[in-house]
Amino acid sequence: KPVTDEDIANDAKTTDQIVTYGLGTQGQRFSPLTQVNKDTVADLVPAWSFSFGGEKQRGQQAQPLIFDGKIYVTASYSRLFAIDAATGQEIWEYEHRLPDGIMPCCDVINRGAALYDNLIIFGTLNAELVALDRETGKRVWKEVLGDYKAGYSFTAAPTIVKNMVVTGISGGEFGVVGKVEARDAKTGKLVWSRPTVQGHMGYLNGKENGITGGDLPMTWEGDMWKTGGGAPWLGGTYDPETNLIFYGTGNPSPWNAHTRPGDNLFTSSTLALDADTGVIKWFYQTTPHDGWDYDGVNEFIPFDLEKDGKIIKAGAKADRNGFFYILDRTNGKLLNATPFVTQIGWAKEINIETGKPVETGNRPGNPADAKGDDKKGTPVFAAPSFLGGKNWMPMAYNPNTKLFYVPANEWSMDLWNEPITYKKGAAYLGAGFTVKLLHEDYIGALRAIDPTTGKIKWEYKNVAPMWGGVLTTAGGLVFTGTPEGLFKAFDAETGKELWSFQTGSGVIGIPVTWETNGEQFIAVNSGWGGAVPLWGGEVAKKIKNFNQGGSLWVFKLHKPAAKPAAEKTAAK
Ligand SMILES: O=C(O)c1cc(C(=O)O)c2c(n1)C(=O)C(=O)c1cc(C(=O)O)[nH]c1-2
C-alpha cells in the first residue's frame, strides 16, 4: 500500500506507523502512546537487535521509519535497510556506490529517509538523492544535489511536503553555497530551489524566481557571497497551519569572519520558506556575522504557546550558540531568548526589541594584525565550543507537560583565525581550535525547558556529550541515549531516571515508538561516531574507550510467563 499525504499529515497522531522524520512534519517527537509509562517502563526488554554488519560501522544517527510491518532505517556509509518489524529479519539492503573523494566534514553518517507513495527516498554522502521501490529496494530515480568534488555532501533526512521531497545540503566547511530544494517526490524533477546566501538566484519550475534577499541591503563585501556557506545541513520542519517550511542555516564560510565583513545573510539563521514557491517569507538570524562556527542549523519546532490565556503560534529552537529562542512562527518576531547552557561568552543577552544579540566583543583577532611568523590572529577562549550548546540531535516537545527536552552540551574552546583563500574542494576555515572542558564531571545535559519562561525545570547530567535525539510520550516519559552506550528513559515531569539499557556502543540515534496488535515497541540505533571523536579536542580523553558499532535495537514490555496451573492450585 502507498504512503499517502494523509498518512504524512496525520503522523503525529497515528500510533501504528511512523512515516516522517520527527513523528510528524512539525518534528515534535511526541507519541500519544501510554502502554510504556512511568509505572511499566522498568519492564522494558529487548525484542530483537539487528546488525548493520560489514566493516562499515561508525556513527549511527538515523531515525527509523515504520510502515506496513516493516522498519526502514539508514546506516553509516549511505546504506538503507528494510527489516521485518516483528522478527528483525532483513528484507533488503541498499548500499549506495560512493566515489573516492567524498568530503563529509563530520563522519559518514545519515539521519534518515522519507516515505512517499511506493518510494523510500534518502540522500547520500556524495550529495545524491535516491528513490527506491519500497518493496524491492531497487532504484527508481536518482538526482544530483551538488558536486561532491566541491565539498557538497548530504546527511539529513528529507521532508515530504505536498508531493514534494524537500532537502537542504551539507558542505559549510568547504565554501559551498547552501540551498533548500523541493522536487516532485515521484519523479525527482526539481520544482523550486532557494539558495540560502544573499545574492544567489532562486528558481521555480525552471524559471528565475527572485534573487535571494531581494531588496535587502547587501550584507557581504566583494565576492565573498559566492562561496558563502550557510548550508542548511539538517532536515527542515513543515507547518501546515502557516504553509511554511522552516530550515536552519549553517555557518558562513570561511570561519575567519575578518574576511567577510557584514551580517552575512542568510547564514546562521532560521528561514521560513513558502512551501509552494521556496520564497523566504521571514528570516531570523541568531548569530549575525558568525565568527565561532555557531552555525544555526538546529531544528525549529512549531508549537502552541499558551500565554496570558491566549494561544500563540510559536516555534522553538535551541541554537548552537547557547540561546533557546521562541519566535512567532507567522512572522519570525522574537518572543523570548534565554540561555540553556551555563556559560555563554559571545553575547550578554538577546535584545527582545531588536531581536539582536548584545555582543561582548569576544571574537578571535584578525590574522592581518598578527605579529608572529605563524600569522595566527589573537586567540580567544569562547563558550560554547563550536560543537555547540546543542548540535544536530533533535529535541522533543511534550504537549502534556508543555516542556521541551533539549540534549545540551557544556564545553568551550580556544579559537583563533588564520589567513585563508578559497580553493575548490579544500577545507575553507581560516581558523584553528581546541575544544575544552568546562566541568570535570560532565559535558552532556538533557534539560527540560519551560518555553513560557525559558527556565530549566530539570536536568540529567552525563559524563560524555549528549549526541542522540530525544523522544517523549504521553506515558510521561522522555527517551534518549548516551555515547556510553546506554539507552535511557526519564520521568518527563521530574527527570528521574526510570530505566536504562546497555546497547553495546554509543547511542546517537533518534528513538521512535509505535504499536502493533496492542503492543508498544520502541526502537533506537546504536553506533558511536559523529563529530565528537573527530573534532573533540580535550573531550577525546573522556571518550577514548567508546567502541564503534552498528545496530538497531527494538524493545517492548516483558510479559511475565503465565503461572503453571499446579502452582496456582497450590497457592489456594
Ligand atoms: O556546515 C556543514 O555543512 C555541516 C554539516 C554537518 C553534517 O552534514 O553532518 C555537520 C556540521 N556542519 C557541523 O558543523 C557539525 O558540528 C556537525 C556535527 C555532525 C555530526 O553528525 O555529529 N555533523 C555536522
# chains A, B, ... in the order shown; residues from 1 in each chain; ligands from 1
call {"tool": "residues_around", "arguments": {"residues": "Val358 (chain A)", "least_positions_apart": "5", "cutoff": "10 Å", "atoms": "only C-alpha atoms", "output": "VMD selection string"}}
result
chain A and resid 346 to 351
call {"tool": "residues_around", "arguments": {"residues": "Gly529 (chain A)", "least_positions_apart": "5", "cutoff": "7 Å", "atoms": "only C-alpha atoms", "output": "list in words"}}
result
Arg58, Gly59, Asp107 and Gln548 of chain A
call {"tool": "residues_around", "arguments": {"residues": "Ile312 (chain A)", "least_positions_apart": "6", "cutoff": "12 Å", "atoms": "only C-alpha atoms", "output": "list of chain:residue names"}}
result
A:Pro302, A:Phe303, A:Asp304, A:Leu305, A:Glu306, A:Ile326, A:Leu327, A:Asp328, A:Arg329, A:Thr330, A:Asn331, A:Lys333, A:Leu335, A:Pro451, A:Thr452
call {"tool": "atom_distance", "arguments": {"atom1": "CA of Gly495 (chain A)", "atom2": "CA of Tyr460 (chain A)"}}
result
6.7 Å
call {"tool": "residues_around", "arguments": {"residues": "Thr167 (chain A)", "least_positions_apart": "6", "cutoff": "6 Å", "atoms": "only C-alpha atoms", "output": "VMD selection string"}}
result
chain A and resid 158 180 to 181
call {"tool": "write_last_selection", "arguments": {"atoms": "N, CA and C atoms", "output": "PDB file, in the first residue's frame"}}
result
ATOM      1  N   PRO A 158      15.310  13.811   4.409  1.00  0.00           N
ATOM      2  CA  PRO A 158      14.446  14.701   3.625  1.00  0.00           C
ATOM      3  C   PRO A 158      13.058  14.819   4.280  1.00  0.00           C
ATOM      4  N   VAL A 180      18.004  25.202  -0.224  1.00  0.00           N
ATOM      5  CA  VAL A 180      16.904  24.288   0.078  1.00  0.00           C
ATOM      6  C   VAL A 180      16.195  24.039  -1.236  1.00  0.00           C
ATOM      7  N   GLU A 181      15.853  22.776  -1.518  1.00  0.00           N
ATOM      8  CA  GLU A 181      15.220  22.456  -2.796  1.00  0.00           C
ATOM      9  C   GLU A 181      14.031  21.529  -2.601  1.00  0.00           C
TER      10      GLU A 181
END
call {"tool": "residues_around", "arguments": {"residues": "Gly250 (chain A)", "least_positions_apart": "3", "cutoff": "8 Å", "atoms": "only C-alpha atoms", "output": "MDAnalysis selection string"}}
result
chainID A and resid 172 229:233 267:269 294:297
call {"tool": "atom_distance", "arguments": {"atom1": "CA of Ala9 (chain A)", "atom2": "CA of Asp274 (chain A)"}}
result
17.4 Å
call {"tool": "residues_around", "arguments": {"residues": "Tyr238 (chain A)", "least_positions_apart": "3", "cutoff": "9 Å", "atoms": "only C-alpha atoms", "output": "PyMOL selection string"}}
result
chain A and resi 24-27+159-161+242-246+275+301-302
call {"tool": "residues_around", "arguments": {"residues": "Ile443 (chain A)", "least_positions_apart": "5", "cutoff": "8 Å", "atoms": "only C-alpha atoms", "output": "ChimeraX atom specification"}}
result
/A:409-411,437-438,461-466
call {"tool": "write_last_selection", "arguments": {"atoms": "N, CA and C atoms", "output": "compact mmCIF listing (two decimals), in the first residue's frame"}}
result
# COMPACT_ATOMS: atom_id res chain seq x y z
N ASN A 409 24.98 20.49 25.62
CA ASN A 409 26.37 20.19 25.98
C ASN A 409 27.07 21.42 26.51
N GLU A 410 27.95 21.16 27.51
CA GLU A 410 28.71 22.22 28.17
C GLU A 410 30.18 22.06 27.80
N TRP A 411 30.71 22.95 27.01
CA TRP A 411 32.13 22.91 26.68
C TRP A 411 32.53 24.26 26.13
N LEU A 437 37.13 21.41 28.15
CA LEU A 437 36.08 21.05 29.11
C LEU A 437 35.74 22.26 29.98
N LEU A 438 34.51 22.34 30.41
CA LEU A 438 34.10 23.38 31.36
C LEU A 438 33.94 22.81 32.76
N LYS A 461 22.58 15.09 34.00
CA LYS A 461 23.95 15.34 33.55
C LYS A 461 24.62 14.04 33.13
N ASN A 462 25.40 14.11 32.06
CA ASN A 462 26.09 12.93 31.55
C ASN A 462 27.58 13.23 31.34
N VAL A 463 28.44 12.26 31.66
CA VAL A 463 29.88 12.48 31.53
C VAL A 463 30.25 12.85 30.10
N ALA A 464 29.84 12.02 29.14
CA ALA A 464 30.14 12.28 27.72
C ALA A 464 29.10 13.25 27.15
N PRO A 465 29.39 13.85 26.00
CA PRO A 465 28.41 14.76 25.39
C PRO A 465 27.11 14.02 25.03
N MET A 466 25.98 14.69 25.12
CA MET A 466 24.73 14.12 24.59
C MET A 466 24.80 14.26 23.08
call {"tool": "closest_residue", "arguments": {"among": "A:Gly214, A:Gly171, A:Gly432, A:Gly69", "to": "ligand 1", "atoms": "only C-alpha atoms and all ligand atoms"}}
result
A:Gly171
call {"tool": "atom_distance", "arguments": {"atom1": "CA of Ala427 (chain A)", "atom2": "CA of Gly530 (chain A)"}}
result
18.0 Å
call {"tool": "closest_residue", "arguments": {"among": "A:Gly481, A:Gly504, A:Gly178, A:Gly54", "to": "ligand 1", "atoms": "only C-alpha atoms and all ligand atoms"}}
result
A:Gly178
call {"tool": "select_by_dssp", "arguments": {"residues": "region 328-419 of chain A", "states": "strand (DSSP E)", "output": "number ranges by chain"}}
result
A: 328, 334-339, 347-350, 357-359, 380-382, 396-398, 403-409, 411-417
call {"tool": "closest_residue", "arguments": {"among": "A:Glu173, A:Glu418, A:Glu484, A:Glu497", "to": "ligand 1", "atoms": "only C-alpha atoms and all ligand atoms"}}
result
A:Glu173
call {"tool": "select_by_dssp", "arguments": {"residues": "region 484-542 of chain A", "states": "alpha helix (DSSP H)", "output": "PyMOL selection string"}}
result
chain A and resi 532-535+540-542
call {"tool": "write_last_selection", "arguments": {"atoms": "C-alpha atoms", "output": "mmCIF file, in the first residue's frame"}}
result
data_model
loop_
_atom_site.group_PDB
_atom_site.id
_atom_site.type_symbol
_atom_site.label_atom_id
_atom_site.label_comp_id
_atom_site.auth_asym_id
_atom_site.auth_seq_id
_atom_site.Cartn_x
_atom_site.Cartn_y
_atom_site.Cartn_z
ATOM 1 C CA VAL A 532 32.872 14.457 18.652
ATOM 2 C CA PRO A 533 35.512 11.727 18.142
ATOM 3 C CA LEU A 534 36.812 13.649 15.103
ATOM 4 C CA TRP A 535 36.913 17.217 16.428
ATOM 5 C CA ALA A 540 38.719 12.962 23.305
ATOM 6 C CA LYS A 541 40.182 11.704 26.559
ATOM 7 C CA LYS A 542 36.694 11.311 28.044
#
